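A.B. asks: Pasting in a structure now, in structure tokens, and then I'll have a few things to ask.
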Amino acid sequence: MPSTATTSPAAILATTAVSRRKMDKLVTCFYRRPDALSRLICFPWAGGGSIHCAQWGKLFDSSIEVYSIRLPGRESRSREPFAEDMNDIVKEITTILLPQLQEKPFAFFGHSFGSLICFATALKLKERHSLEPTHIFVSGASAPHSKARHPVQKRTELSDEEFLQWMTRVGGTPVEILADKELVKLFLPILKADIKVLENFIYEKPPCKIFSCGVTCFDGTEDVPHDLEAWKDLTSGEFNIHKLPGGHFYLKDPVNESFIVKHITKYLETAEMDYLRT
């Protein structure tokens, strides 16, 4: 008689445990809400970790669960080598998170470097899995195909001192880090690795709209100019721009943070109602 292959309970438990370890390595979620109707996936700025956006979980109600992405080379992943390129980052995120993204509505939020990770991840999900966020929220970044993204000289070709001077000038590094020499030593390799990924990430303007979901751009009024209008080239959905007081890290201001959270909540609540109707 032909044998029937079955998966043992022990094997199922082992597979589940491996998946959980991968999730815990990739995602920081301080406020777990398994019954939430939707999720917000947050992507960090260059040199950043997962803590800041993970704390947003307390600002949303019980219908929204916040996942904050932790990249290799920082926090509990400090012993891991930095990602070599955007494909490495996106492959890990999409592979590990796919089951969660398939089970309920989700939106993406990314600041600066995180905006480009946010875009690249959404693009991969669309192309490979016909899966799309309900809304994409980007912050402090030009669109991926904008010429504004590519300066004449690559920033990673600068000396460490010149690189820090540039980051200080454009406001791309939190002041609390720049004020501490020991923190700078720890922070600089992470920051330069992320900027290298950004510099090597090339995306040409698509011949047609690639997303149908809405896109919202946030930016600081005192930040260096970003090509926000170009994000409109990527979607046939709703598009809007909000400029809030402050520089590159305007989103750390509690008033601005509150505005962003309320804006995201409005769109997620709409997506939740649409989901419940289906």
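In the structure tokens, each chain is lettered A, B, ... as it comes, each chain's residues begin at 1, and ligands are numbered from 1 in order of appearance.
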At a cut-off of 7 Å, can you tabulate as a tab-separated table every residue of segment 125-202 of chain A near segment 210-234 of chain A together with its closest atom pair and the distance in Å to one decimal, using only C-alpha atoms and ordering rows by chain then number?
C.D. replies:
residue	atom	partner	partner_atom	distance
A:Pro133	CA	A:Cys213	CA	6.8
A:Thr134	CA	A:Cys213	CA	5.7
A:His135	CA	A:Gly214	CA	5.0
A:Ile136	CA	A:Val215	CA	4.8
A:Phe137	CA	A:Thr216	CA	4.8
A:Val138	CA	A:Cys217	CA	5.0
A:Ser139	CA	A:Phe218	CA	4.5
A:Gly140	CA	A:Asp219	CA	4.8
A:Ala141	CA	A:His226	CA	5.8
A:Ser142	CA	A:Asp227	CA	4.4
A:Ala143	CA	A:Trp231	CA	5.0
A:Ser146	CA	A:Ala230	CA	6.6
A:Ala148	CA	A:Asp227	CA	6.6
A:Val170	CA	A:Val224	CA	6.3
A.B. asks: Those residues with N, CA and C atoms, as a compact mmCIF listing (two decimals), in the first residue's frame please?
C.D. replies:
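What ended up in again38.txt:
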# COMPACT_ATOMS: atom_id res chain seq x y z
N PRO A 133 -0.62 47.20 0.31
CA PRO A 133 -1.08 47.85 1.55
C PRO A 133 -2.38 48.60 1.29
N THR A 134 -3.14 48.84 2.35
CA THR A 134 -4.34 49.67 2.19
C THR A 134 -3.94 51.13 1.98
N HIS A 135 -2.76 51.51 2.51
CA HIS A 135 -2.25 52.87 2.34
C HIS A 135 -0.75 52.85 2.59
N ILE A 136 -0.03 53.70 1.89
CA ILE A 136 1.41 53.85 2.09
C ILE A 136 1.67 55.26 2.60
N PHE A 137 2.30 55.35 3.78
CA PHE A 137 2.64 56.64 4.38
C PHE A 137 4.16 56.79 4.33
N VAL A 138 4.64 57.82 3.64
CA VAL A 138 6.08 58.04 3.55
C VAL A 138 6.41 59.40 4.17
N SER A 139 7.64 59.52 4.65
CA SER A 139 8.01 60.71 5.42
C SER A 139 9.45 61.09 5.15
N GLY A 140 9.68 62.38 4.91
CA GLY A 140 11.05 62.90 4.82
C GLY A 140 11.90 62.29 3.74
N ALA A 141 11.30 62.03 2.55
CA ALA A 141 12.07 61.39 1.48
C ALA A 141 11.50 61.72 0.11
N SER A 142 12.38 61.89 -0.86
CA SER A 142 11.97 62.04 -2.25
C SER A 142 11.52 60.68 -2.78
N ALA A 143 10.72 60.71 -3.83
CA ALA A 143 10.24 59.47 -4.46
C ALA A 143 11.42 58.66 -4.99
N SER A 146 13.02 59.82 -8.28
CA SER A 146 13.34 61.24 -8.41
C SER A 146 14.84 61.47 -8.59
N ALA A 148 16.32 63.93 -7.59
CA ALA A 148 16.79 64.59 -6.37
C ALA A 148 17.50 63.62 -5.42
N VAL A 170 22.40 68.62 7.11
CA VAL A 170 21.06 68.31 6.58
C VAL A 170 20.10 67.85 7.67
A.B. asks: I'd like the neighbourhood of segment 64-70 of chain A as a list in words, where a residue qualifies if any of its atoms comes within 6 Å (using only C-alpha atoms), though same-chain residues fewer than 3 positions away should be ignored.
C.D. replies: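 Listed by chain and then number, they are Leu26, Val27, Thr28, Cys29, Arg33, Ala36, Ser38, Arg39, Leu40, Ile41, Cys42, Phe43, Gly49, Ser50, Cys53, Ala54 and Gly57 of chain A.
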A.B. asks: When you draw a straight line from atom CA of Ser115 of chain A to atom CA of Asp88 of chain A, how long is it in Å?
C.D. replies: 16.1 Å
A.B. asks: Suppose you want the space between atom CA of Arg169 of chain A and atom CA of Lys205 of chain A; what is it in Å?
C.D. replies: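 That distance, rounded to one decimal, is 29.1 Å.
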A.B. asks: Give me, please, the distance in Å between atom CA of Arg155 of chain A and atom CA of Leu183 of chain A, quoted to one decimal.
C.D. replies: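 Distance reported for this atom pair: 20.3 Å.
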A.B. asks: Let's see if you can do this: from backbone DSSP, list all helix (DSSP H, G or I) residues in segment 91-187 of chain A, as a count of residues only.
C.D. replies: 58
A.B. asks: Determine, counting only C-alpha atoms, which protein, DNA and RNA residues have an atom within 10 Å of an atom of Ser76 of chain A; residues of the same chain fewer than 3 positions away are not included. Present the result as a list in words.
C.D. replies: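 In the requested format, the answer is Asp24, Lys25, Leu26, Gly49, Arg70, Leu71, Pro72, Gly73, Arg79 and Glu80 of chain A.
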A.B. asks: Those selected residues, please, written with C-alpha atoms and delivered as a tab-separated table (two decimals), in the first residue's frame.
C.D. replies:
chain	number	residue	atom	x	y	z
A	24	ASP	CA	10.87	38.16	17.00
A	25	LYS	CA	14.22	38.90	15.35
A	26	LEU	CA	12.69	41.05	12.60
A	49	GLY	CA	16.30	51.01	15.22
A	70	ARG	CA	14.42	45.78	13.14
A	71	LEU	CA	17.17	45.62	10.52
A	72	PRO	CA	20.39	43.58	10.90
A	73	GLY	CA	23.38	45.22	12.56
A	79	ARG	CA	26.20	40.90	15.77
A	80	GLU	CA	24.69	40.35	12.33
A.B. asks: Point out the residue among A:Ser63, A:Val18, A:Trp56, A:His111 with the least atom-to-atom distance to Pro34 of chain A, counting only C-alpha atoms.
C.D. replies: A:Ser63
A.B. asks: Could I get the residues of segment 12-124 of chain A with an atom no further than 12 Å from an atom of segment 235-245 of chain A, each paired with its nearest atom pair and that distance in Å to one decimal, using only C-alpha atoms, sorted by chain and residue number, as CSV?
C.D. replies:
residue,atom,partner,partner_atom,distance
A:Phe119,CA,A:Thr235,CA,11.4
A:Ala122,CA,A:Thr235,CA,11.7
A:Leu123,CA,A:Thr235,CA,11.3
A.B. asks: Considering only C-alpha atoms, return as a short mmCIF file (atom, residue, chain, number, x, y, z; two decimals) with N, CA, C and O atoms, in the first residue's frame whatever protein or nucleic-acid residues lie within 10 Å of Glu204 of chain A, sequence-local ones (same chain, fewer than 4 positions apart) excluded.
C.D. replies:
data_model
loop_
_atom_site.label_atom_id
_atom_site.label_comp_id
_atom_site.auth_asym_id
_atom_site.auth_seq_id
_atom_site.Cartn_x
_atom_site.Cartn_y
_atom_site.Cartn_z
N PRO A 144 11.29 57.34 -5.07
CA PRO A 144 12.43 56.48 -5.45
C PRO A 144 13.03 56.78 -6.82
O PRO A 144 14.21 56.58 -7.03
N HIS A 145 12.20 57.28 -7.76
CA HIS A 145 12.68 57.55 -9.10
C HIS A 145 13.10 59.00 -9.31
O HIS A 145 13.52 59.38 -10.41
N SER A 146 13.02 59.82 -8.28
CA SER A 146 13.34 61.24 -8.41
C SER A 146 14.84 61.47 -8.59
O SER A 146 15.66 60.84 -7.91
N LYS A 147 15.17 62.38 -9.48
CA LYS A 147 16.59 62.73 -9.68
C LYS A 147 17.18 63.40 -8.45
O LYS A 147 18.40 63.43 -8.27
#
A.B. asks: Any idea what's packed within 12 Å of Glu84 of chain A, counting only C-alpha atoms, ignoring anything in its chain fewer than 3 positions away? Could you give it as number ranges by chain?
C.D. replies: A: 71-73, 80-81, 87-91, 190, 192-201
A.B. asks: Compile the contact shell of Glu103 of chain A as a PyMOL selection string: residues with an atom at most 12 Å away, counting only C-alpha atoms, same-chain residues fewer than 2 positions apart removed.
C.D. replies: chain A and resi 34-39+97-101+105-106+131+275
A.B. asks: If you run DSSP on this backbone, which residues of segment 26-238 of chain A come out as strand (DSSP E or B), and could you give them as a VMD selection string?
C.D. replies: chain A and resid 27 to 28 38 to 43 64 to 69 106 to 111 135 to 139 211 214 to 220 235
A.B. asks: Kindly export the residues of the current selection with N, CA, C and O atoms, as a short mmCIF file (atom, residue, chain, number, x, y, z; two decimals), in the first residue's frame.
C.D. replies:
data_model
loop_
_atom_site.label_atom_id
_atom_site.label_comp_id
_atom_site.auth_asym_id
_atom_site.auth_seq_id
_atom_site.Cartn_x
_atom_site.Cartn_y
_atom_site.Cartn_z
N VAL A 27 10.86 41.81 14.01
CA VAL A 27 9.80 42.75 14.39
C VAL A 27 9.82 43.06 15.89
O VAL A 27 9.95 42.15 16.72
N THR A 28 9.70 44.34 16.22
CA THR A 28 9.45 44.75 17.59
C THR A 28 7.98 45.13 17.69
O THR A 28 7.50 45.97 16.93
N SER A 38 -6.45 45.47 11.88
CA SER A 38 -5.44 45.84 10.88
C SER A 38 -4.09 46.04 11.55
O SER A 38 -3.99 46.13 12.78
N ARG A 39 -3.04 46.14 10.72
CA ARG A 39 -1.69 46.34 11.23
C ARG A 39 -1.02 47.51 10.51
O ARG A 39 -1.24 47.75 9.33
N LEU A 40 -0.17 48.19 11.26
CA LEU A 40 0.70 49.22 10.70
C LEU A 40 2.13 48.70 10.79
O LEU A 40 2.61 48.39 11.87
N ILE A 41 2.79 48.59 9.64
CA ILE A 41 4.18 48.13 9.59
C ILE A 41 5.06 49.36 9.40
O ILE A 41 4.91 50.11 8.43
N CYS A 42 6.00 49.58 10.34
CA CYS A 42 6.86 50.77 10.30
C CYS A 42 8.30 50.41 9.96
O CYS A 42 8.82 49.41 10.45
N PHE A 43 8.93 51.25 9.14
CA PHE A 43 10.28 51.02 8.66
C PHE A 43 11.20 52.15 9.14
O PHE A 43 10.83 53.33 9.04
N ILE A 64 -5.79 48.40 16.02
CA ILE A 64 -4.57 48.52 15.21
C ILE A 64 -3.37 47.99 15.98
O ILE A 64 -3.10 48.41 17.10
N GLU A 65 -2.64 47.09 15.36
CA GLU A 65 -1.42 46.54 15.94
C GLU A 65 -0.22 47.10 15.17
O GLU A 65 -0.25 47.14 13.93
N VAL A 66 0.80 47.53 15.89
CA VAL A 66 1.97 48.14 15.26
C VAL A 66 3.16 47.19 15.28
O VAL A 66 3.57 46.72 16.34
N TYR A 67 3.70 46.91 14.10
CA TYR A 67 4.93 46.16 13.93
C TYR A 67 6.02 47.15 13.52
O TYR A 67 5.83 47.89 12.56
N SER A 68 7.14 47.14 14.20
CA SER A 68 8.26 47.99 13.82
C SER A 68 9.44 47.12 13.40
O SER A 68 9.86 46.23 14.14
N ILE A 69 9.95 47.35 12.20
CA ILE A 69 10.99 46.50 11.61
C ILE A 69 12.36 46.78 12.22
O ILE A 69 12.78 47.93 12.34
N PHE A 106 -3.34 45.83 6.07
CA PHE A 106 -2.13 46.41 6.65
C PHE A 106 -1.77 47.69 5.89
O PHE A 106 -2.13 47.87 4.72
N ALA A 107 -1.08 48.57 6.56
CA ALA A 107 -0.55 49.80 5.95
C ALA A 107 0.94 49.89 6.27
O ALA A 107 1.42 49.27 7.22
N PHE A 108 1.67 50.66 5.47
CA PHE A 108 3.11 50.86 5.67
C PHE A 108 3.38 52.32 6.05
O PHE A 108 2.77 53.24 5.50
N PHE A 109 4.33 52.49 6.97
CA PHE A 109 4.86 53.83 7.27
C PHE A 109 6.38 53.76 7.29
O PHE A 109 6.97 52.88 7.93
N GLY A 110 7.03 54.70 6.60
CA GLY A 110 8.48 54.75 6.63
C GLY A 110 8.96 56.18 6.67
O GLY A 110 8.37 57.07 6.05
N HIS A 111 10.03 56.42 7.43
CA HIS A 111 10.62 57.76 7.50
C HIS A 111 12.01 57.74 6.88
O HIS A 111 12.84 56.87 7.21
N HIS A 135 -2.76 51.51 2.51
CA HIS A 135 -2.25 52.87 2.34
C HIS A 135 -0.75 52.85 2.59
O HIS A 135 -0.26 52.06 3.41
N ILE A 136 -0.03 53.70 1.89
CA ILE A 136 1.41 53.85 2.09
C ILE A 136 1.67 55.26 2.60
O ILE A 136 1.30 56.25 1.96
N PHE A 137 2.30 55.35 3.78
CA PHE A 137 2.64 56.64 4.38
C PHE A 137 4.16 56.79 4.33
O PHE A 137 4.88 55.96 4.91
N VAL A 138 4.64 57.82 3.64
CA VAL A 138 6.08 58.04 3.55
C VAL A 138 6.41 59.40 4.17
O VAL A 138 5.57 60.30 4.21
N SER A 139 7.64 59.52 4.65
CA SER A 139 8.01 60.71 5.42
C SER A 139 9.45 61.09 5.15
O SER A 139 10.35 60.23 5.15
N PHE A 211 0.66 51.15 -8.10
CA PHE A 211 -0.19 50.89 -6.95
C PHE A 211 -1.58 51.49 -7.17
O PHE A 211 -1.74 52.46 -7.92
N GLY A 214 -3.82 54.42 -1.69
CA GLY A 214 -3.47 55.81 -1.47
C GLY A 214 -2.05 55.96 -0.97
O GLY A 214 -1.49 55.04 -0.35
N VAL A 215 -1.45 57.12 -1.23
CA VAL A 215 -0.11 57.45 -0.74
C VAL A 215 -0.18 58.82 -0.06
O VAL A 215 -0.70 59.78 -0.64
N THR A 216 0.32 58.89 1.16
CA THR A 216 0.41 60.15 1.89
C THR A 216 1.87 60.46 2.18
O THR A 216 2.61 59.59 2.65
N CYS A 217 2.29 61.71 1.89
CA CYS A 217 3.65 62.15 2.19
C CYS A 217 3.63 63.13 3.37
O CYS A 217 2.84 64.07 3.37
N PHE A 218 4.50 62.88 4.34
CA PHE A 218 4.72 63.82 5.43
C PHE A 218 6.13 64.39 5.29
O PHE A 218 7.04 63.71 4.80
N ASP A 219 6.31 65.63 5.76
CA ASP A 219 7.65 66.22 5.71
C ASP A 219 7.73 67.36 6.70
O ASP A 219 6.71 67.95 7.08
N GLY A 220 8.96 67.69 7.11
CA GLY A 220 9.18 68.83 7.99
C GLY A 220 9.37 70.09 7.18
O GLY A 220 10.07 70.08 6.16
N THR A 235 1.03 55.87 -7.99
CA THR A 235 -0.27 55.32 -7.61
C THR A 235 -1.43 55.98 -8.35
O THR A 235 -1.39 57.17 -8.66
#
A.B. asks: Tell me which of A:Tyr31, A:Arg149, A:His129, A:Phe60 sits closest to Ile260 of chain A, counting only C-alpha atoms.
C.D. replies: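 Using only C-alpha atoms, the shortest distance to Ile260 of chain A belongs to A:Phe60.
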